[in-house]
>>> print(open('data-v1.csv').read())   # CSV, C-alpha atoms
chain,number,residue,atom,x,y,z
A,129,MET,CA,28.7,-8.7,23.9
A,130,PRO,CA,26.5,-9.6,21.0
A,131,THR,CA,22.8,-8.7,21.2
A,132,PRO,CA,20.7,-11.8,21.9
A,133,THR,CA,18.1,-12.9,19.4
A,134,LYS,CA,14.6,-11.8,20.2
A,135,GLY,CA,12.1,-14.5,21.1
A,136,ALA,CA,12.2,-17.7,23.1
A,137,ARG,CA,15.2,-20.0,22.6
A,138,LEU,CA,14.7,-23.1,20.6
A,139,GLY,CA,15.6,-26.3,22.4
A,140,GLY,CA,17.0,-26.7,25.9
A,141,GLY,CA,20.1,-24.5,25.5
A,142,PRO,CA,22.2,-22.5,23.1
A,143,ALA,CA,24.1,-25.5,21.9
A,144,HIS,CA,20.8,-27.4,21.2
A,145,GLU,CA,19.5,-24.4,19.4
A,146,ARG,CA,22.5,-24.3,17.1
A,147,LEU,CA,22.1,-28.0,16.3
A,148,ILE,CA,18.4,-27.5,15.5
A,149,LEU,CA,19.1,-24.6,13.1
A,150,ALA,CA,21.9,-26.5,11.5
A,151,ASN,CA,19.7,-29.6,10.9
A,152,LEU,CA,16.9,-27.4,9.5
A,153,ALA,CA,19.3,-25.6,7.2
A,154,LYS,CA,20.6,-29.0,5.9
A,155,SER,CA,17.1,-30.2,5.2
A,156,LEU,CA,16.2,-26.9,3.4
A,157,PHE,CA,19.3,-27.0,1.2
A,158,GLU,CA,18.7,-30.7,0.4
A,159,HIS,CA,15.0,-30.6,-0.4
A,160,GLY,CA,14.4,-27.0,-1.3
A,161,ARG,CA,11.5,-26.6,1.1
A,162,ILE,CA,10.5,-27.9,4.5
A,163,THR,CA,7.5,-27.6,6.8
A,164,THR,CA,8.1,-26.6,10.4
A,165,THR,CA,6.7,-24.4,13.1
A,166,GLU,CA,6.4,-20.7,12.4
A,167,ALA,CA,8.9,-19.8,15.1
A,168,LYS,CA,11.5,-22.1,13.8
A,169,ALA,CA,11.0,-20.9,10.2
A,170,LYS,CA,11.5,-17.3,11.3
A,171,ARG,CA,14.7,-18.2,13.1
A,172,LEU,CA,15.9,-20.3,10.2
A,173,ARG,CA,15.5,-17.7,7.6
A,174,PRO,CA,18.4,-15.3,8.5
A,175,TYR,CA,20.5,-18.3,9.5
A,176,ALA,CA,20.1,-20.0,6.1
A,177,GLU,CA,20.5,-16.8,4.1
A,178,LYS,CA,23.9,-16.0,5.7
A,179,LEU,CA,25.1,-19.4,4.6
A,180,ILE,CA,23.9,-18.8,1.0
A,181,THR,CA,25.7,-15.5,1.0
A,182,ALA,CA,28.9,-17.2,2.1
A,183,ALA,CA,28.4,-19.8,-0.7
A,184,LYS,CA,28.1,-17.0,-3.2
A,185,ARG,CA,31.6,-15.9,-2.4
A,186,GLY,CA,32.9,-19.4,-3.0
A,187,ASP,CA,36.4,-19.0,-1.6
A,188,ILE,CA,38.1,-21.4,0.9
A,189,HIS,CA,37.5,-19.1,3.9
A,190,ALA,CA,33.7,-19.2,3.2
A,191,ARG,CA,33.8,-23.0,2.9
A,192,ARG,CA,35.5,-23.3,6.2
A,193,GLN,CA,33.0,-21.0,7.9
A,194,VAL,CA,30.1,-23.0,6.5
A,195,ALA,CA,31.8,-26.3,7.5
A,196,LYS,CA,31.9,-25.1,11.1
A,197,VAL,CA,28.1,-25.0,11.0
A,198,LEU,CA,27.1,-27.8,8.7
A,199,PHE,CA,29.2,-30.6,10.0
A,200,GLY,CA,28.5,-34.3,10.2
A,201,LYS,CA,28.3,-37.2,7.7
A,202,SER,CA,25.8,-35.4,5.4
A,203,GLY,CA,27.4,-32.0,5.9
A,204,LYS,CA,30.0,-32.5,3.1
A,205,ASP,CA,27.4,-33.4,0.5
A,206,ILE,CA,25.2,-30.4,1.6
A,207,ILE,CA,28.2,-28.0,1.4
A,208,HIS,CA,29.0,-29.3,-2.1
A,209,VAL,CA,25.4,-28.7,-3.2
A,210,LEU,CA,25.4,-25.3,-1.5
A,211,PHE,CA,28.6,-24.0,-3.2
A,212,THR,CA,28.1,-25.6,-6.6
A,213,GLU,CA,24.3,-25.2,-7.2
A,214,ILE,CA,22.5,-22.9,-4.7
A,215,GLY,CA,25.2,-20.2,-4.4
A,216,PRO,CA,25.6,-19.6,-8.2
A,217,ARG,CA,21.8,-19.7,-8.6
A,218,TYR,CA,21.5,-16.5,-6.7
A,219,GLU,CA,24.4,-14.6,-8.2
A,220,ASN,CA,22.1,-11.8,-9.4
A,221,ARG,CA,20.0,-11.6,-6.2
A,222,ASN,CA,21.1,-9.5,-3.3
A,223,GLY,CA,19.4,-11.2,-0.3
A,224,GLY,CA,15.9,-12.6,0.0
A,225,TYR,CA,16.8,-16.2,-0.9
A,226,THR,CA,14.0,-17.8,1.1
A,227,ARG,CA,10.2,-17.4,1.4
A,228,ILE,CA,7.9,-18.2,4.3
A,229,VAL,CA,4.3,-19.3,3.7
A,230,LYS,CA,2.0,-19.8,6.6
A,231,LEU,CA,0.0,-23.0,6.8
A,232,ASN,CA,-2.9,-24.4,8.9
A,233,PRO,CA,-2.2,-25.1,12.6
A,234,ARG,CA,-0.8,-28.5,13.5
A,235,LYS,CA,-3.3,-31.1,14.7
A,236,GLY,CA,-2.9,-32.0,18.3
A,237,ASP,CA,-1.2,-29.0,19.9
A,238,ASN,CA,-2.6,-26.4,17.4
A,239,ALA,CA,0.9,-25.0,16.9
A,240,PRO,CA,1.2,-22.4,14.0
A,241,MET,CA,2.9,-24.1,11.1
A,242,ALA,CA,4.8,-22.6,8.1
A,243,MET,CA,6.6,-23.7,5.0
A,244,ILE,CA,10.0,-22.2,4.2
A,245,GLU,CA,11.4,-22.6,0.7
A,246,LEU,CA,14.1,-21.3,-1.6
A,247,VAL,CA,12.9,-18.8,-4.1
A,248,GLU,CA,13.4,-18.9,-7.8
A,249,PRO,CA,16.5,-17.3,-9.3
A,250,LEU,CA,16.1,-14.0,-11.0
A,251,ALA,CA,16.3,-14.0,-14.8
A,252,GLU,CA,19.3,-12.1,-16.3
A,253,ALA,CA,17.0,-10.1,-18.5
A,254,VAL,CA,14.9,-8.9,-15.5
A,255,VAL,CA,18.1,-7.9,-13.6
A,256,ALA,CA,19.4,-6.0,-16.6
A,257,GLU,CA,16.2,-4.2,-17.1
A,258,ALA,CA,16.0,-3.2,-13.4
A,259,THR,CA,19.6,-2.0,-13.4
A,260,ALA,CA,19.1,0.1,-16.5
A,261,ALA,CA,15.9,1.6,-15.1
A,262,ALA,CA,17.6,2.5,-11.9
A,263,LYS,CA,20.5,4.2,-13.7
A,264,LYS,CA,18.2,6.1,-16.0
A,265,ALA,CA,16.1,7.3,-13.0
A,266,ALA,CA,19.3,8.4,-11.2
A,267,LYS,CA,20.6,10.4,-14.3
A,268,ALA,CA,17.3,12.0,-15.2
A,269,PRO,CA,16.9,15.6,-13.9
A,270,LYS,CA,14.1,16.2,-11.6
A,271,ALA,CA,11.4,18.0,-13.6
A,272,GLU,CA,9.4,20.7,-11.9
A,273,LYS,CA,5.9,19.8,-11.2
A,274,PRO,CA,3.4,21.8,-13.3
A,275,VAL,CA,1.0,24.0,-11.5
A,276,ALA,CA,-2.4,22.5,-11.9
A,277,ALA,CA,-4.9,24.9,-13.3
A,278,PRO,CA,-8.2,25.1,-11.4
A,279,VAL,CA,-10.7,22.8,-12.9
A,280,VAL,CA,-14.3,23.8,-12.7
A,281,GLU,CA,-16.9,21.2,-13.5
A,282,GLU,CA,-19.5,22.1,-16.1
A,283,ALA,CA,-22.3,20.7,-14.0
A,284,ALA,CA,-21.5,23.0,-11.2
A,285,VAL,CA,-21.4,26.0,-13.5
A,286,GLU,CA,-24.7,25.1,-15.1
A,287,ALA,CA,-26.3,24.6,-11.6
A,288,ALA,CA,-25.1,28.0,-10.5
A,289,ILE,CA,-26.5,29.7,-13.6
A,290,GLU,CA,-29.9,27.9,-13.1
A,291,GLU,CA,-30.0,29.1,-9.5
A,292,GLU,CA,-29.3,32.7,-10.6
A,293,VAL,CA,-32.0,32.6,-13.3
A,294,ALA,CA,-34.5,31.1,-10.8
A,295,ALA,CA,-33.7,33.8,-8.3
A,296,GLU,CA,-34.2,36.6,-10.9
A,297,GLU,CA,-37.5,35.1,-12.0
A,298,ALA,CA,-38.7,35.0,-8.4
A,299,VAL,CA,-37.7,38.6,-7.9
A,300,ALA,CA,-39.6,39.6,-11.1
A,301,GLU,CA,-42.7,37.8,-9.9
A,302,VAL,CA,-42.6,39.6,-6.6
A,303,VAL,CA,-42.2,43.0,-8.3
A,304,GLU,CA,-45.1,42.3,-10.6
A,305,GLU,CA,-47.4,41.3,-7.8
A,306,THR,CA,-46.4,44.4,-5.8
A,307,ALA,CA,-47.1,46.6,-8.8
A,308,GLU,CA,-50.5,45.1,-9.3
A,309,GLU,CA,-51.4,45.6,-5.6
A,310,VAL,CA,-50.2,49.2,-5.8
A,311,ALA,CA,-52.3,49.8,-8.9
A,312,GLU,CA,-55.4,48.3,-7.2
A,313,ILE,CA,-54.9,50.5,-4.1
A,314,ALA,CA,-54.5,53.6,-6.3
A,315,ALA,CA,-57.7,52.8,-8.2
A,316,GLU,CA,-59.6,52.4,-5.0
A,317,ASP,CA,-58.3,55.7,-3.6
A,318,ALA,CA,-59.3,57.5,-6.9
A,319,GLU,CA,-62.9,56.0,-6.7
A,320,ALA,CA,-63.1,57.1,-3.1
A,321,VAL,CA,-62.0,60.7,-4.0
A,322,GLU,CA,-64.6,60.9,-6.8
A,323,ALA,CA,-67.3,59.6,-4.5
A,324,ASP,CA,-66.4,62.3,-1.9
A,325,ALA,CA,-66.4,65.0,-4.6
A,326,ASP,CA,-69.9,63.9,-5.8
A,327,ALA,CA,-71.2,63.9,-2.3
A,328,ALA,CA,-69.8,67.4,-1.7
A,329,GLU,CA,-71.5,68.8,-4.9
A,330,GLU,CA,-74.8,67.3,-4.0
A,331,SER,CA,-74.7,68.8,-0.5
A,332,GLU,CA,-73.9,72.2,-2.0
A,333,LYS,CA,-76.9,72.1,-4.3
A,334,ALA,CA,-79.1,71.1,-1.5
>>> encode(input="data-v1.csv", output="structure tokens")
Amino acid sequence: MPTPTKGARLGGGPAHERLILANLAKSLFEHGRITTTEAKAKRLRPYAEKLITAAKRGDIHARRQVAKVLFGKSGKDIIHVLFTEIGPRYENRNGGYTRIVKLNPRKGDNAPMAMIELVEPLAEAVVAEATAAAKKAAKAPKAEKPVAAPVVEEAAVEAAIEEEVAAEEAVAEVVEETAEEVAEIAAEDAEAVEADADAAEESEKA
């Protein structure tokens, strides 16, 4: 059993849905672009692209398959355009024949609207360049990634050096202040010893 399409069904039944998609595909192939609701545009896109892929084959079996879908008075003319113009136009493109562009909501029921259109054909030069680039990339051996050397910013190095110099200067200042304090204490002790010695001599004379 085929997997059912996701989303709500268009129309009142499966037969009605097939007719809606067939009419939308006819209008798309005839005018190149149509404006419809976003839900219908999303359902139409794979439907129309399958028909374009069949038109690219161009054989009788493909024509009969498309004729089963695009029937009616205008169906023959649309099939002729599809197989003679649209199919050969996308000979160099593997899928992605349509584009959906979202538009402003519809006035009245505020339904989300979208425009679906046929994309431009790829130029032969672009296809050739892309094919050559892909072959070249496939043949080229994978080069080993070079090991990146550690990069040290000069600003960080200079900042570290400045911090070390500032720390050394601070240590030197502390040492100098400590030495001066020690010298002052030693001088005071020497003066006190001399004063004690003088007092002792005077006491002995007395």
>>> closest_residue(input="data-v1.csv", among="A:Leu198, A:Thr306, A:Ala183, A:Thr163", to="Leu147 (chain A)", atoms="only C-alpha atoms")
A:Leu198
>>> residues_around(input="data-v1.csv", residues="Arg173 (chain A)", least_positions_apart="3", cutoff="12 Å", atoms="only C-alpha atoms", output="ChimeraX atom specification")
/A:149-150,152-153,156-157,161-162,164,166-170,176-180,223-229,242-246
>>> atom_distance(input="data-v1.csv", atom1="CA of Ala323 (chain A)", atom2="CA of Glu309 (chain A)")
21.2 Å
>>> atom_distance(input="data-v1.csv", atom1="CA of Val209 (chain A)", atom2="CA of Gln193 (chain A)")
15.5 Å
>>> atom_distance(input="data-v1.csv", atom1="CA of Ile206 (chain A)", atom2="CA of Arg192 (chain A)")
13.3 Å
